[in-house]
Structure formats: C-alpha cells, structure tokens
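Structure file model00.cif; described as mmCIF, C-alpha atoms.
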data_start
loop_
_atom_site.label_atom_id
_atom_site.label_comp_id
_atom_site.auth_asym_id
_atom_site.auth_seq_id
_atom_site.Cartn_x
_atom_site.Cartn_y
_atom_site.Cartn_z
CA MET A 1 -16.06 -6.19 8.83
CA GLU A 2 -12.44 -5.42 9.63
CA LYS A 3 -10.63 -8.32 11.31
CA GLU A 4 -8.10 -7.75 14.07
CA ASN A 5 -5.10 -9.82 15.02
CA PRO A 6 -6.19 -11.94 18.03
CA LYS A 7 -2.74 -13.22 19.03
CA TYR A 8 -1.09 -10.71 21.34
CA SER A 9 -3.47 -10.27 24.28
CA GLU A 10 -1.19 -8.13 26.47
CA ILE A 11 -0.44 -5.71 23.64
CA LYS A 12 -4.11 -5.39 22.78
CA THR A 13 -5.16 -4.90 26.40
CA ILE A 14 -2.58 -2.18 27.05
CA PHE A 15 -2.27 -0.35 23.73
CA GLU A 16 -6.03 -0.13 23.10
CA LYS A 17 -6.25 2.08 26.19
CA THR A 18 -3.16 4.16 25.41
CA ALA A 19 -3.59 7.76 24.25
CA PRO A 20 -3.43 9.93 22.25
CA VAL A 21 -4.76 8.42 19.02
CA ARG A 22 -3.42 9.69 15.68
CA ARG A 23 -5.81 9.55 12.72
CA VAL A 24 -4.50 9.33 9.15
CA SER A 25 -6.30 9.18 5.81
CA LYS A 26 -5.94 6.59 3.07
CA GLY A 27 -2.70 7.17 1.15
CA ASP A 28 -1.01 9.18 3.90
CA ILE A 29 2.65 8.40 4.65
CA ILE A 30 3.13 7.48 8.31
CA TYR A 31 6.93 7.46 8.16
CA TYR A 32 9.62 7.44 5.48
CA GLN A 33 12.55 5.14 4.82
CA GLY A 34 15.64 6.81 6.31
CA ASP A 35 13.76 8.63 9.08
CA SER A 36 14.94 8.36 12.67
CA ALA A 37 12.60 6.18 14.74
CA GLU A 38 11.47 7.97 17.88
CA SER A 39 8.46 5.67 18.23
CA PHE A 40 6.70 2.61 16.85
CA TYR A 41 2.97 2.22 16.25
CA TYR A 42 -0.01 0.20 17.38
CA LEU A 43 -2.80 0.00 14.80
CA LYS A 44 -6.23 0.45 16.39
CA LYS A 45 -8.10 0.66 13.11
CA GLY A 46 -7.36 0.22 9.39
CA ARG A 47 -4.59 -1.36 7.32
CA VAL A 48 -1.02 -0.18 6.73
CA ARG A 49 1.50 -1.12 4.03
CA VAL A 50 5.17 -1.38 5.05
CA TYR A 51 7.53 -1.23 2.06
CA MET A 52 11.10 -0.55 0.89
CA THR A 53 12.12 1.68 -2.03
CA SER A 54 15.26 0.96 -4.06
CA PRO A 55 17.59 3.76 -5.26
CA GLU A 56 15.90 3.37 -8.67
CA GLY A 57 12.49 4.03 -7.12
CA VAL A 58 11.20 0.43 -7.23
CA GLU A 59 8.94 -0.38 -4.27
CA ARG A 60 8.77 -3.78 -2.56
CA THR A 61 6.06 -4.57 0.00
CA LEU A 62 7.45 -6.15 3.17
CA SER A 63 4.23 -6.62 5.11
CA THR A 64 0.68 -5.39 5.58
CA ALA A 65 -0.32 -4.52 9.14
CA ALA A 66 -3.92 -5.04 10.26
CA ARG A 67 -5.90 -3.92 13.29
CA GLY A 68 -4.36 -5.09 16.55
CA GLU A 69 -0.78 -5.24 15.21
CA VAL A 70 2.34 -3.16 15.79
CA PHE A 71 4.68 -1.91 13.08
CA GLY A 72 7.77 0.26 12.75
CA GLU A 73 9.31 -1.32 15.84
CA ALA A 74 12.59 -2.65 14.37
CA ALA A 75 14.28 0.73 13.86
CA PHE A 76 12.88 1.92 17.18
CA PHE A 77 14.63 -0.90 19.03
CA ASP A 78 17.96 -0.88 17.16
CA ARG A 79 18.10 2.98 17.10
CA MET A 80 19.08 3.01 13.43
CA PRO A 81 17.38 4.91 10.56
CA ARG A 82 14.23 3.27 9.25
CA VAL A 83 14.84 0.77 6.44
CA SER A 84 11.23 0.97 5.24
CA SER A 85 8.34 3.37 4.77
CA ALA A 86 4.73 2.93 5.91
CA SER A 87 1.57 4.25 4.28
CA ALA A 88 -2.12 3.95 5.09
CA LEU A 89 -4.07 1.59 2.85
CA THR A 90 -7.29 2.78 4.51
CA GLY A 91 -8.24 5.42 7.01
CA CYS A 92 -6.35 4.49 10.20
CA GLU A 93 -6.19 5.13 13.90
CA LEU A 94 -2.69 4.78 15.38
CA VAL A 95 -1.10 4.93 18.80
CA ALA A 96 2.55 6.09 18.81
CA ILE A 97 4.68 4.40 21.49
CA ASP A 98 7.91 6.24 22.39
CA GLU A 99 10.64 5.11 24.79
CA GLN A 100 9.31 6.88 27.86
CA LYS A 101 5.81 5.53 27.30
CA LEU A 102 7.06 1.99 26.61
CA ILE A 103 9.16 1.84 29.79
CA ALA A 104 6.20 2.96 31.88
CA LEU A 105 3.93 0.37 30.26
CA ILE A 106 6.42 -2.49 30.74
CA GLN A 107 6.88 -1.56 34.39
CA ARG A 108 3.14 -2.02 34.88
CA GLN A 109 2.84 -5.12 32.64
CA PRO A 110 6.19 -6.95 32.29
CA ARG A 111 4.73 -9.58 29.95
CA LEU A 112 4.41 -6.85 27.32
CA ALA A 113 8.20 -7.07 26.78
CA LEU A 114 7.94 -10.80 26.01
CA GLU A 115 5.19 -10.25 23.44
CA LEU A 116 7.26 -7.57 21.72
CA LEU A 117 10.20 -10.00 21.55
CA GLU A 118 7.89 -12.61 20.03
CA ILE A 119 6.86 -10.09 17.37
CA GLN A 120 10.51 -9.41 16.54
CA ALA A 121 11.18 -13.14 16.16
CA LEU A 122 8.14 -13.47 13.91
CA ARG A 123 9.32 -10.55 11.74
CA ILE A 124 12.69 -12.25 11.23
CA ARG A 125 10.98 -15.50 10.26
CA GLN A 126 8.65 -13.72 7.83
CA LEU A 127 11.53 -11.89 6.14
CA SER A 128 13.45 -15.16 5.88
CA ASP A 129 10.43 -16.82 4.25
CA GLN A 130 10.05 -13.86 1.90
CA LEU A 131 13.69 -14.11 0.85
CA ASP A 132 13.25 -17.83 0.28
CA ILE A 133 10.23 -17.19 -1.91
CA MET A 134 11.99 -14.48 -3.92
CA THR A 135 15.07 -16.63 -4.45
CA PHE A 136 13.75 -20.09 -5.18
CA LEU A 137 10.14 -20.05 -6.35
CA LYS A 138 8.66 -19.25 -9.74
CA ALA A 139 6.13 -16.42 -9.94
CA ASP A 140 3.10 -18.73 -9.70
CA GLY A 141 4.58 -20.43 -6.65
CA ARG A 142 5.29 -17.08 -5.00
CA ILE A 143 1.73 -15.91 -5.53
CA ALA A 144 0.24 -19.22 -4.36
CA ARG A 145 2.29 -19.14 -1.17
CA LEU A 146 1.32 -15.53 -0.50
CA LEU A 147 -2.38 -16.35 -0.93
CA LEU A 148 -2.11 -19.29 1.46
CA LYS A 149 -0.21 -17.21 4.02
CA ASN A 150 -2.82 -14.43 3.99
CA ALA A 151 -5.94 -16.61 3.82
CA GLN A 152 -8.57 -15.88 6.46
CA THR A 153 -11.58 -17.97 7.43
CA ASP A 154 -14.87 -16.42 6.34
CA GLY A 155 -17.59 -18.83 7.43
CA GLU A 156 -16.85 -22.00 5.47
CA ARG A 157 -14.69 -20.17 2.93
CA LEU A 158 -11.09 -19.04 2.78
CA LYS A 159 -10.67 -15.46 1.62
CA VAL A 160 -7.69 -13.22 0.87
CA LYS A 161 -7.98 -9.43 1.03
CA LEU A 162 -5.04 -8.32 -1.11
CA THR A 163 -5.11 -6.17 -4.24
CA HIS A 164 -3.17 -7.06 -7.38
CA GLU A 165 -0.76 -4.23 -6.58
CA GLU A 166 -0.17 -5.52 -3.04
CA ILE A 167 0.50 -9.02 -4.37
CA ALA A 168 2.89 -7.70 -7.00
CA GLY A 169 4.81 -5.65 -4.43
CA SER A 170 5.04 -8.58 -2.01
CA VAL A 171 6.34 -11.24 -4.41
CA GLY A 172 8.51 -9.12 -6.69
CA VAL A 173 6.67 -9.40 -10.01
CA ASN A 174 4.78 -6.79 -12.01
CA ARG A 175 1.03 -6.26 -11.82
CA VAL A 176 0.44 -7.65 -15.32
CA THR A 177 2.04 -10.96 -14.32
CA VAL A 178 -0.12 -11.10 -11.18
CA SER A 179 -3.28 -10.53 -13.25
CA LYS A 180 -2.33 -13.23 -15.76
CA LEU A 181 -1.56 -15.81 -13.09
CA LEU A 182 -4.69 -15.07 -11.06
CA THR A 183 -6.71 -15.39 -14.26
CA ARG A 184 -5.06 -18.79 -14.82
CA PHE A 185 -5.90 -19.86 -11.28
CA LYS A 186 -9.53 -18.82 -11.89
CA LYS A 187 -9.77 -20.79 -15.14
CA GLU A 188 -8.40 -23.86 -13.33
CA GLY A 189 -11.04 -23.45 -10.62
CA ILE A 190 -8.47 -22.86 -7.88
CA ILE A 191 -9.79 -19.43 -6.91
CA ARG A 192 -12.63 -17.08 -7.68
CA THR A 193 -12.87 -13.36 -7.14
CA GLU A 194 -15.45 -11.21 -5.43
CA TYR A 195 -15.46 -7.51 -4.65
CA ARG A 196 -12.01 -6.82 -3.14
CA LYS A 197 -11.63 -10.49 -2.22
CA ILE A 198 -10.00 -13.63 -3.57
CA ILE A 199 -11.82 -16.81 -2.53
CA ILE A 200 -9.77 -20.02 -2.44
CA ASN A 201 -11.78 -22.91 -3.92
CA ASP A 202 -9.09 -25.59 -4.08
CA ILE A 203 -6.53 -25.25 -1.30
CA LYS A 204 -4.77 -28.53 -2.23
CA ALA A 205 -4.10 -27.33 -5.78
CA LEU A 206 -2.82 -24.01 -4.45
CA GLU A 207 -0.51 -25.86 -2.03
CA ARG A 208 0.92 -27.91 -4.91
CA ILE A 209 1.70 -24.73 -6.84
CA ALA A 210 3.23 -23.16 -3.72
CA GLU A 211 5.50 -26.19 -3.35
CA ASN A 212 6.59 -25.66 -6.98
CA GLU A 213 5.57 -29.16 -8.04
#

Turn the structure described in the file into structure tokens.
Amino acid sequence: MEKENPKYSEIKTIFEKTAPVRRVSKGDIIYYQGDSAESFYYLKKGRVRVYMTSPEGVERTLSTAARGEVFGEAAFFDRMPRVSSASALTGCELVAIDEQKLIALIQRQPRLALELLEIQALRIRQLSDQLDIMTFLKADGRIARLLLKNAQTDGERLKVKLTHEEIAGSVGVNRVTVSKLLTRFKKEGIIRTEYRKIIINDIKALERIAENE
C-alpha cells in the first residue's frame, strides 16, 4: 500500500480538498528544467522523480516525492526558471497551486505559510547532505546512507522502495556499480531483496558503511 508523508498536517488538510486534480501517467513529464514556474504541486497519489540534466545529457536525481508531499516550489517562490525537471514514476494525481490560489489559502489558514517555509528549509538541508555525500563518501558509503535515509518501517522490518536506477541517479554512480554493491551487501547479510523492495537486515553494519569506516 502506498505510504503518505504524515508530517505536514496543515498542507494535507488544505491541499487534499483543493481542486482541480491533474492526472498523469507513469513516465509523463510534469515540468521541464528551464520552464517558468507558474505553480508548484501537491501530490495526492503516486510517486514523482525530481532531477537535473547536465548539458551533456547526464541526469542526476535530486529527490523522490511521495503522496502527501509538495514539489516544484523553489522556482515558484524565487520566480526564476526551474533548475530541475519532474516526471511521474507511477500514475499520479496532482494539485497545481498558483499564486492566486496560494494567497487565498494562506489567508484562510496562516499556518500553511510556516509549513511551506519548513519544507524549504528541509530542501536546503537535503541538498547540503547530498553534496556532502557526493563530495566525501565512497560509492558504498553513498548507497548505504541513501538506503538508511529512505528506510521505512514495515511491521518489524525496514524496507526501501528505490530501484537501482533511482539509487544510481541519487548518488552519482552508474547502475552497474549500484548492482555490484547491492550484491555485496546481500552476500554480507546486510540486506535482502524482495519484489521492488530492499529489506535492511543489519542496520548497524549499514551505518558503519555510511560513516565510511
């Protein structure tokens, strides 16, 4: 079952009731890098990949948005062209929030503005962490840290719902390297794989790798 972000209660309360809803299919591009940002998006259903493309055509995943999250808000607020693209990883339902709609919503629920500021602060922290990972950690440490960051509780287990391609795009290594390192983690008993899931068996060992020890 799809898991939503439980953190931002005001956003969820308001945006879940906001219309109209835009439906997109898996693989559809929601916006392109370089576009003007007339709106940002609330994700009612599905998963969305946010990524940058270099002049040479190399893609780098910045984040993956899940149900209950907003994305595409940075360029909307600074009124500059978008620095990333967004595409649907699954079928999605989106709510587009433009300036007129946002002002009306904040007038009714002022706390919404605070939650949006919190999201912006979190984005900055995440990008800083990502830069730190890319600069200072080896590939195995990058992957270990990404798995820990994206781990979700599933009963008594910890699971990660990321594909090899998503991992590769997030940590800046190729897919072959990701496959080799995940195979190594499996042989060492640190993880196991199920259908579209990575199950963490030994969180302490993964933490040691993430710390580059």

Response to the item:
If you count all atoms listed in the file, the residue of A:Gly172, A:Glu59, A:Ala205, A:Ile199 closest to Thr153 in chain A turns out to be A:Ile199

Fill in: Selection under test: the PyMOL selection byres ((chain A and resi 72) around 8); residues as a VMD selection string
chain A and resid 37 39 to 41 70 to 71 73 to 76 82 86

Worksheet item: Exactly which residues make up the result of the PyMOL selection byres ((chain A and resi 30) around 6) on this file, given as a ChimeraX atom specification?
Response: /A:29,31,86-87

Discussion item. Going by the chain IDs and residue numbers used in this file, which residues fall under the PyMOL selection byres ((chain A and resi 45) around 6)? Write them as a PyMOL selection string.
Written reply: chain A and resi 43-44+46+67+92-93

Discussion item. Between A:Ile198, A:Leu94, A:Ile191, A:Ala168, which residue has the minimum interatomic distance to Ile143 in chain A, considering all atoms listed in the file?
Written reply: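 Result for the nearest residue to Ile143 in chain A: A:Ala168.
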
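Near Leu162 in chain A, within 10 Å and counting only C-alpha atoms, sit A:Thr64, A:Leu146, A:Leu147, A:Asn150, A:Ala151, A:Lys159, A:Val160, A:His164, A:Glu165, A:Glu166, A:Ile167, A:Ala168, A:Arg196, A:Lys197, A:Ile198; same-chain residues fewer than 2 positions away were not included.
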
Worksheet item: For Leu127 in chain A, which residue among A:Val178, A:Glu56, A:Ala19, A:Ser170 is the nearest when counting all atoms listed in the file?
Response: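 Looking at the shortest contact to Leu127 in chain A, the residue is A:Ser170.
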
Discussion item. What does the structure give for the distance between CA of Lys161 in chain A and CA of Ser63 in chain A, in Å to one decimal?
Written reply: 13.2 Å

I need range 84-153 of chain A from the structure I supplied, saved as a short mmCIF file (atom, residue, chain, number, x, y, z; two decimals), in the first residue's frame with C-alpha atoms retained.
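Contents of the output file selection_10.cif:
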data_model
loop_
_atom_site.label_atom_id
_atom_site.label_comp_id
_atom_site.auth_asym_id
_atom_site.auth_seq_id
_atom_site.Cartn_x
_atom_site.Cartn_y
_atom_site.Cartn_z
CA SER A 84 15.10 20.67 -12.38
CA SER A 85 12.58 18.51 -14.20
CA ALA A 86 9.91 16.26 -12.70
CA SER A 87 8.50 13.03 -14.08
CA ALA A 88 5.93 10.53 -12.83
CA LEU A 89 7.36 7.27 -11.52
CA THR A 90 3.81 5.90 -11.25
CA GLY A 91 0.37 7.07 -12.21
CA CYS A 92 -0.18 10.28 -10.21
CA GLU A 93 -2.82 12.70 -9.06
CA LEU A 94 -1.57 16.28 -8.63
CA VAL A 95 -2.95 19.58 -7.42
CA ALA A 96 -1.35 22.66 -9.01
CA ILE A 97 -1.06 25.64 -6.64
CA ASP A 98 -0.61 29.03 -8.35
CA GLU A 99 -0.05 32.41 -6.69
CA GLN A 100 -3.69 33.47 -6.56
CA LYS A 101 -4.76 30.14 -5.08
CA LEU A 102 -1.91 30.12 -2.54
CA ILE A 103 -2.69 33.63 -1.27
CA ALA A 104 -6.34 32.71 -0.76
CA LEU A 105 -5.39 29.52 1.10
CA ILE A 106 -2.90 31.29 3.39
CA GLN A 107 -5.47 33.96 4.23
CA ARG A 108 -7.77 31.21 5.47
CA GLN A 109 -5.03 29.14 7.15
CA PRO A 110 -1.97 31.27 8.02
CA ARG A 111 -0.06 28.29 9.44
CA LEU A 112 0.21 26.95 5.90
CA ALA A 113 2.90 29.59 5.21
CA LEU A 114 5.00 28.30 8.13
CA GLU A 115 4.82 24.72 6.90
CA LEU A 116 5.91 25.79 3.42
CA LEU A 117 8.89 27.60 4.96
CA GLU A 118 9.75 24.44 6.90
CA ILE A 119 9.72 22.49 3.64
CA GLN A 120 12.10 25.00 2.04
CA ALA A 121 14.49 24.68 4.99
CA LEU A 122 14.33 20.89 4.73
CA ARG A 123 15.09 21.04 0.98
CA ILE A 124 18.21 23.12 1.66
CA ARG A 125 19.36 20.65 4.31
CA GLN A 126 18.75 17.68 2.00
CA LEU A 127 20.70 19.27 -0.85
CA SER A 128 23.54 20.08 1.54
CA ASP A 129 23.61 16.45 2.72
CA GLN A 130 23.55 15.28 -0.89
CA LEU A 131 26.50 17.49 -1.77
CA ASP A 132 28.36 16.18 1.27
CA ILE A 133 27.72 12.62 0.18
CA MET A 134 28.81 13.28 -3.41
CA THR A 135 31.98 15.04 -2.30
CA PHE A 136 33.30 12.98 0.58
CA LEU A 137 31.92 9.44 0.58
CA LYS A 138 32.91 6.42 -1.46
CA ALA A 139 30.22 4.78 -3.59
CA ASP A 140 29.36 2.13 -0.97
CA GLY A 141 29.02 4.81 1.69
CA ARG A 142 26.78 6.90 -0.55
CA ILE A 143 24.48 3.98 -1.23
CA ALA A 144 24.39 2.92 2.43
CA ARG A 145 23.46 6.44 3.52
CA LEU A 146 20.75 6.67 0.86
CA LEU A 147 19.24 3.36 1.98
CA LEU A 148 19.20 4.48 5.61
CA LYS A 149 17.67 7.84 4.69
CA ASN A 150 14.85 6.23 2.70
CA ALA A 151 14.14 3.29 5.03
CA GLN A 152 10.51 2.90 6.06
CA THR A 153 9.07 0.73 8.82
#
